[in-house]
$ cat query-v1.cif   # mmCIF, C-alpha atoms and all ligand atoms
data_query
#
loop_
_atom_site.label_atom_id
_atom_site.label_comp_id
_atom_site.auth_asym_id
_atom_site.auth_seq_id
_atom_site.Cartn_x
_atom_site.Cartn_y
_atom_site.Cartn_z
CA MET A 923 90.46 119.60 133.88
CA ASN A 924 90.61 119.27 137.66
CA LYS A 925 93.85 119.59 139.54
CA SER A 926 93.75 115.91 140.49
CA ASP A 927 93.22 114.76 136.91
CA LEU A 928 96.02 112.76 135.34
CA ARG A 929 97.24 113.84 131.93
CA PHE A 930 97.93 111.76 128.89
CA VAL A 931 99.60 112.87 125.72
CA VAL A 932 100.49 111.28 122.40
CA GLN A 933 103.33 112.97 120.56
CA LYS A 934 103.97 112.13 116.93
CA HIS A 935 107.71 112.02 116.50
CA ALA A 936 109.53 112.00 113.18
CA ALA A 937 112.82 110.69 114.55
CA ARG A 938 115.02 108.28 112.59
CA THR A 939 111.85 106.22 112.31
CA LEU A 940 108.41 107.77 112.69
CA HIS A 941 106.57 106.71 115.84
CA TYR A 942 104.01 107.88 118.35
CA ASP A 943 105.06 108.46 121.95
CA PHE A 944 102.20 107.43 124.22
CA ARG A 945 102.56 108.99 127.67
CA LEU A 946 100.55 108.59 130.88
CA GLU A 947 101.09 110.80 133.91
CA MET A 948 101.94 108.62 136.89
CA GLU A 949 103.72 109.56 140.12
CA GLY A 950 104.61 113.01 138.83
CA VAL A 951 106.20 111.90 135.56
CA LEU A 952 105.04 110.77 132.14
CA LYS A 953 105.43 107.01 131.81
CA SER A 954 106.22 106.55 128.13
CA TRP A 955 105.88 104.00 125.38
CA ALA A 956 107.02 104.35 121.77
CA VAL A 957 104.33 102.97 119.48
CA PRO A 958 105.84 102.44 116.00
CA LYS A 959 102.51 102.05 114.20
CA GLY A 960 100.55 104.42 116.45
CA PRO A 961 97.35 103.82 118.43
CA CYS A 962 94.43 102.12 116.69
CA LEU A 963 90.73 102.48 117.45
CA ASP A 964 90.00 98.96 116.19
CA PRO A 965 89.71 96.52 119.14
CA SER A 966 90.95 93.66 116.96
CA VAL A 967 94.27 95.41 116.32
CA LYS A 968 97.18 95.15 118.77
CA ARG A 969 99.91 97.74 118.56
CA LEU A 970 103.41 97.16 119.88
CA ALA A 971 104.32 99.72 122.56
CA VAL A 972 107.94 99.74 123.66
CA GLU A 973 108.45 101.20 127.09
CA VAL A 974 111.00 103.99 127.05
CA GLU A 975 112.37 106.35 129.69
CA ASP A 976 110.06 108.55 131.77
CA HIS A 977 109.61 112.13 130.61
CA THR A 978 108.73 115.23 132.59
CA VAL A 979 105.10 116.34 132.61
CA GLU A 980 106.26 119.61 131.01
CA PHE A 981 107.67 117.75 128.03
CA GLY A 982 104.13 116.70 127.18
CA ASP A 983 103.52 120.23 125.87
CA PHE A 984 106.58 120.20 123.64
CA GLU A 985 106.10 120.69 119.95
CA GLY A 986 109.01 121.57 117.69
CA VAL A 987 112.24 120.13 116.40
CA ILE A 988 114.94 118.39 118.40
CA ALA A 989 118.23 119.34 116.79
CA GLN A 990 120.34 116.92 114.79
CA GLY A 991 122.91 115.15 116.91
CA GLN A 992 120.69 115.18 119.99
CA TYR A 993 118.76 112.24 121.34
CA GLY A 994 115.45 111.87 119.49
CA ALA A 995 116.42 114.35 116.76
CA GLY A 996 113.48 115.26 114.55
CA ALA A 997 110.10 117.00 114.61
CA ILE A 998 107.46 116.43 117.30
CA ILE A 999 103.81 117.44 117.42
CA VAL A 1000 101.27 117.00 120.19
CA TRP A 1001 99.02 114.63 118.27
CA ASP A 1002 96.51 114.15 121.09
CA ARG A 1003 96.13 115.00 124.74
CA GLY A 1004 93.62 114.97 127.55
CA THR A 1005 93.09 113.13 130.80
CA TRP A 1006 93.23 109.46 131.67
CA HIS A 1007 91.39 107.52 134.33
CA PRO A 1008 92.80 104.20 135.51
CA LYS A 1009 90.48 101.30 136.20
CA GLY A 1010 91.70 100.15 139.59
CA ASP A 1011 95.15 100.78 141.06
CA SER A 1012 97.29 102.21 138.27
CA LEU A 1013 100.62 101.73 140.04
CA ALA A 1014 99.88 98.08 140.80
CA GLY A 1015 98.72 97.64 137.22
CA TYR A 1016 101.87 99.25 135.89
CA ARG A 1017 104.08 97.03 138.04
CA THR A 1018 102.27 93.83 137.14
CA GLY A 1019 102.14 94.83 133.49
CA ARG A 1020 98.42 95.15 133.00
CA LEU A 1021 96.83 98.59 132.78
CA THR A 1022 93.22 99.29 131.88
CA PHE A 1023 92.16 102.91 131.60
CA GLU A 1024 89.83 105.39 130.01
CA LEU A 1025 91.13 108.16 127.78
CA LEU A 1026 89.39 111.49 127.44
CA GLY A 1027 91.31 113.05 124.60
CA GLU A 1028 90.35 114.89 121.44
CA LYS A 1029 91.05 111.87 119.23
CA LEU A 1030 91.44 108.94 121.59
CA ARG A 1031 88.54 108.15 123.91
CA GLY A 1032 86.99 105.19 125.64
CA VAL A 1033 88.68 102.25 127.36
CA TRP A 1034 92.17 101.04 126.42
CA ASN A 1035 94.59 98.37 127.61
CA LEU A 1036 98.34 98.22 127.95
CA ALA A 1037 99.62 94.70 128.59
CA ARG A 1038 103.27 93.80 129.07
CA MET A 1039 104.56 90.83 127.12
CA ARG A 1040 106.93 88.19 128.39
CA ASP A 1041 109.97 87.04 126.45
CA GLN A 1042 110.53 83.40 125.57
CA ALA A 1043 112.14 82.79 128.95
CA GLY A 1044 109.02 84.15 130.65
CA ARG A 1045 110.69 87.34 131.79
CA HIS A 1046 109.12 90.75 131.56
CA GLY A 1047 110.72 93.00 129.01
CA HIS A 1048 110.04 96.46 127.66
CA GLN A 1049 107.50 95.36 125.10
CA TRP A 1050 103.84 95.96 125.74
CA LEU A 1051 100.75 95.81 123.58
CA LEU A 1052 98.37 98.76 123.30
CA THR A 1053 94.80 97.83 122.41
CA LYS A 1054 91.43 99.49 122.28
CA GLU A 1055 88.79 97.74 124.35
CA GLN A 1056 85.42 97.04 122.75
CA ASP A 1057 83.13 100.02 123.42
CA ILE A 1058 81.27 102.79 121.66
CA GLU A 1059 84.53 104.62 120.83
CA GLY A 1060 85.92 101.69 118.83
CA ARG A 1061 86.10 101.93 115.02
CA GLU A 1062 87.00 99.32 112.45
CA LEU A 1063 90.34 100.10 110.89
CA SER A 1064 89.03 99.36 107.40
CA GLU A 1065 86.43 102.10 107.87
CA TYR A 1066 88.37 104.72 109.74
CA ASP A 1067 92.05 105.16 110.57
CA VAL A 1068 92.42 107.96 113.10
CA LEU A 1069 96.10 108.38 112.20
CA VAL A 1070 95.23 109.07 108.55
CA HIS A 1071 92.06 111.07 109.10
CA GLN A 1072 93.39 113.23 111.94
CA PRO A 1073 97.12 113.67 111.34
CA ALA A 1074 97.60 117.17 112.76
CA SER A 1075 98.58 118.63 116.11
CA VAL A 1076 95.77 119.31 118.59
CA ILE A 1077 97.71 122.40 119.73
CA SER A 1078 98.61 124.12 116.46
CA GLY A 1079 96.82 122.26 113.68
CA ARG A 1080 100.19 121.64 112.03
CA THR A 1081 101.41 118.33 110.69
CA VAL A 1082 104.74 116.89 111.73
CA ALA A 1083 106.07 117.71 108.22
CA GLU A 1084 105.00 121.35 108.61
CA VAL A 1085 106.74 121.60 111.97
CA SER A 1086 109.81 119.96 110.50
CA GLU A 1087 110.01 122.54 107.70
CA ALA A 1088 109.16 125.58 109.80
CA ASP A 1089 111.43 124.89 112.75
CA ALA A 1090 114.36 123.18 111.03
MN MN A 1101 110.02 109.52 120.56
#
$ encode --input "query-v1.cif" --output "structure tokens"
Amino acid sequence: MNKSDLRFVVQKHAARTLHYDFRLEMEGVLKSWAVPKGPCLDPSVKRLAVEVEDHTVEFGDFEGVIAQGQYGAGAIIVWDRGTWHPKGDSLAGYRTGRLTFELLGEKLRGVWNLARMRDQAGRHGHQWLLTKEQDIEGRELSEYDVLVHQPASVISGRTVAEVSEADA
């Protein structure tokens, strides 16, 4: 990883409801989306990605349990991480709500899209869609579900349940 490389991380988070936090390093922070059903390698599948608050780059290494009573209480593992490479101007894409980028992770690779949806009044909200673009890294969901086949942390090999039990 070169110094100029931008990081991405996906943290699996067993909060009140299980979700995957998809984070892209941009302008010195991790832009973040909560993906309730997690990323999918199948280009025909769109996954809702709700934009949430920015996180620090350091938080991308966090694995453990957030204590009860605190925001986001529950276990977190680093489900995937690596570098990301925007296609075109990432800041402009972020602002206009259309990001295309390549992921070089351990589980997620190839080209992906994040597209912001409009509400019924045509306004931009916090809801985006995360989709895999058609390329050699795509897999049909009926054949292979990366969430099921590769559930563990890329840092420790632990599952979110194991972290929850060990660190509770
Ligand atoms: Mn979360």
$ residues_near_point --input "query-v1.cif" --point "(99.6, 113.6, 128.7)" --cutoff "9 Å" --atoms "only C-alpha atoms" --output "MDAnalysis selection string"
chainID A and resid 928:933 944:947 952 979 982:983 1002:1006
$ closest_atom_pairs --input "query-v1.cif" --of "chain A" --to "ligand MN 1101 (chain A)" --cutoff "7 Å" --atoms "all atoms listed in the file" --output "CSV"
residue,atom,partner,partner_atom,distance
A:His935,CA,A:MN1101,MN,5.3
A:Ala937,CA,A:MN1101,MN,6.7
A:His941,CA,A:MN1101,MN,6.5
A:Tyr942,CA,A:MN1101,MN,6.6
A:Asp943,CA,A:MN1101,MN,5.3
A:Ala956,CA,A:MN1101,MN,6.1
A:Gly994,CA,A:MN1101,MN,6.0
$ closest_residue --input "query-v1.cif" --among "A:Leu1051, A:Leu963, A:Ala936, A:Ala997" --to "Glu1065 (chain A)" --atoms "all atoms listed in the file"
A:Leu963
$ atom_distance --input "query-v1.cif" --atom1 "CA of Gln1049 (chain A)" --atom2 "CA of Ala971 (chain A)"
6.0 Å
$ residues_around --input "query-v1.cif" --residues "His1007 (chain A)" --least-positions-apart "4" --cutoff "9 Å" --atoms "all atoms listed in the file" --output "ChimeraX atom specification"
/A:927-929,1012,1022-1026
$ residues_around --input "query-v1.cif" --residues "Lys1054 (chain A)" --least-positions-apart "2" --cutoff "9 Å" --atoms "only C-alpha atoms" --output "list of chain:residue names"
A:Pro961, A:Cys962, A:Leu963, A:Asp964, A:Pro965, A:Ser966, A:Val967, A:Lys968, A:Gly1032, A:Val1033, A:Trp1034, A:Asn1035, A:Leu1052, A:Gln1056, A:Asp1057, A:Glu1059, A:Gly1060
$ write_last_selection --input "query-v1.cif" --atoms "C-alpha atoms" --output "compact mmCIF listing (two decimals), in the coordinates of the input"
# COMPACT_ATOMS: atom_id res chain seq x y z
CA PRO A 961 97.35 103.82 118.43
CA CYS A 962 94.43 102.12 116.69
CA LEU A 963 90.73 102.48 117.45
CA ASP A 964 90.00 98.96 116.19
CA PRO A 965 89.71 96.52 119.14
CA SER A 966 90.95 93.66 116.96
CA VAL A 967 94.27 95.41 116.32
CA LYS A 968 97.18 95.15 118.77
CA GLY A 1032 86.99 105.19 125.64
CA VAL A 1033 88.68 102.25 127.36
CA TRP A 1034 92.17 101.04 126.42
CA ASN A 1035 94.59 98.37 127.61
CA LEU A 1052 98.37 98.76 123.30
CA GLN A 1056 85.42 97.04 122.75
CA ASP A 1057 83.13 100.02 123.42
CA GLU A 1059 84.53 104.62 120.83
CA GLY A 1060 85.92 101.69 118.83
$ decode --input "query-v1.cif" --residues "region 926-944 of chain A" --atoms "C-alpha atoms" --output "PDB file, in the first residue's frame"
ATOM      1  CA  SER A 926      -1.180   8.036  -1.447  1.00  0.00           C
ATOM      2  CA  ASP A 927      -3.507   5.036  -1.591  1.00  0.00           C
ATOM      3  CA  LEU A 928      -7.005   5.538  -0.253  1.00  0.00           C
ATOM      4  CA  ARG A 929      -8.306   2.989   2.222  1.00  0.00           C
ATOM      5  CA  PHE A 930     -11.626   1.258   2.304  1.00  0.00           C
ATOM      6  CA  VAL A 931     -13.001  -0.876   5.071  1.00  0.00           C
ATOM      7  CA  VAL A 932     -16.166  -2.866   5.667  1.00  0.00           C
ATOM      8  CA  GLN A 933     -16.982  -3.451   9.319  1.00  0.00           C
ATOM      9  CA  LYS A 934     -19.609  -6.006  10.252  1.00  0.00           C
ATOM     10  CA  HIS A 935     -21.536  -4.540  13.145  1.00  0.00           C
ATOM     11  CA  ALA A 936     -23.906  -6.457  15.387  1.00  0.00           C
ATOM     12  CA  ALA A 937     -25.717  -3.409  16.737  1.00  0.00           C
ATOM     13  CA  ARG A 938     -29.449  -3.420  17.486  1.00  0.00           C
ATOM     14  CA  THR A 939     -29.763  -4.693  13.927  1.00  0.00           C
ATOM     15  CA  LEU A 940     -26.884  -6.398  12.141  1.00  0.00           C
ATOM     16  CA  HIS A 941     -25.419  -4.376   9.282  1.00  0.00           C
ATOM     17  CA  TYR A 942     -22.217  -3.768   7.379  1.00  0.00           C
ATOM     18  CA  ASP A 943     -20.545  -0.367   7.566  1.00  0.00           C
ATOM     19  CA  PHE A 944     -19.016   0.412   4.192  1.00  0.00           C
TER      20      PHE A 944
END
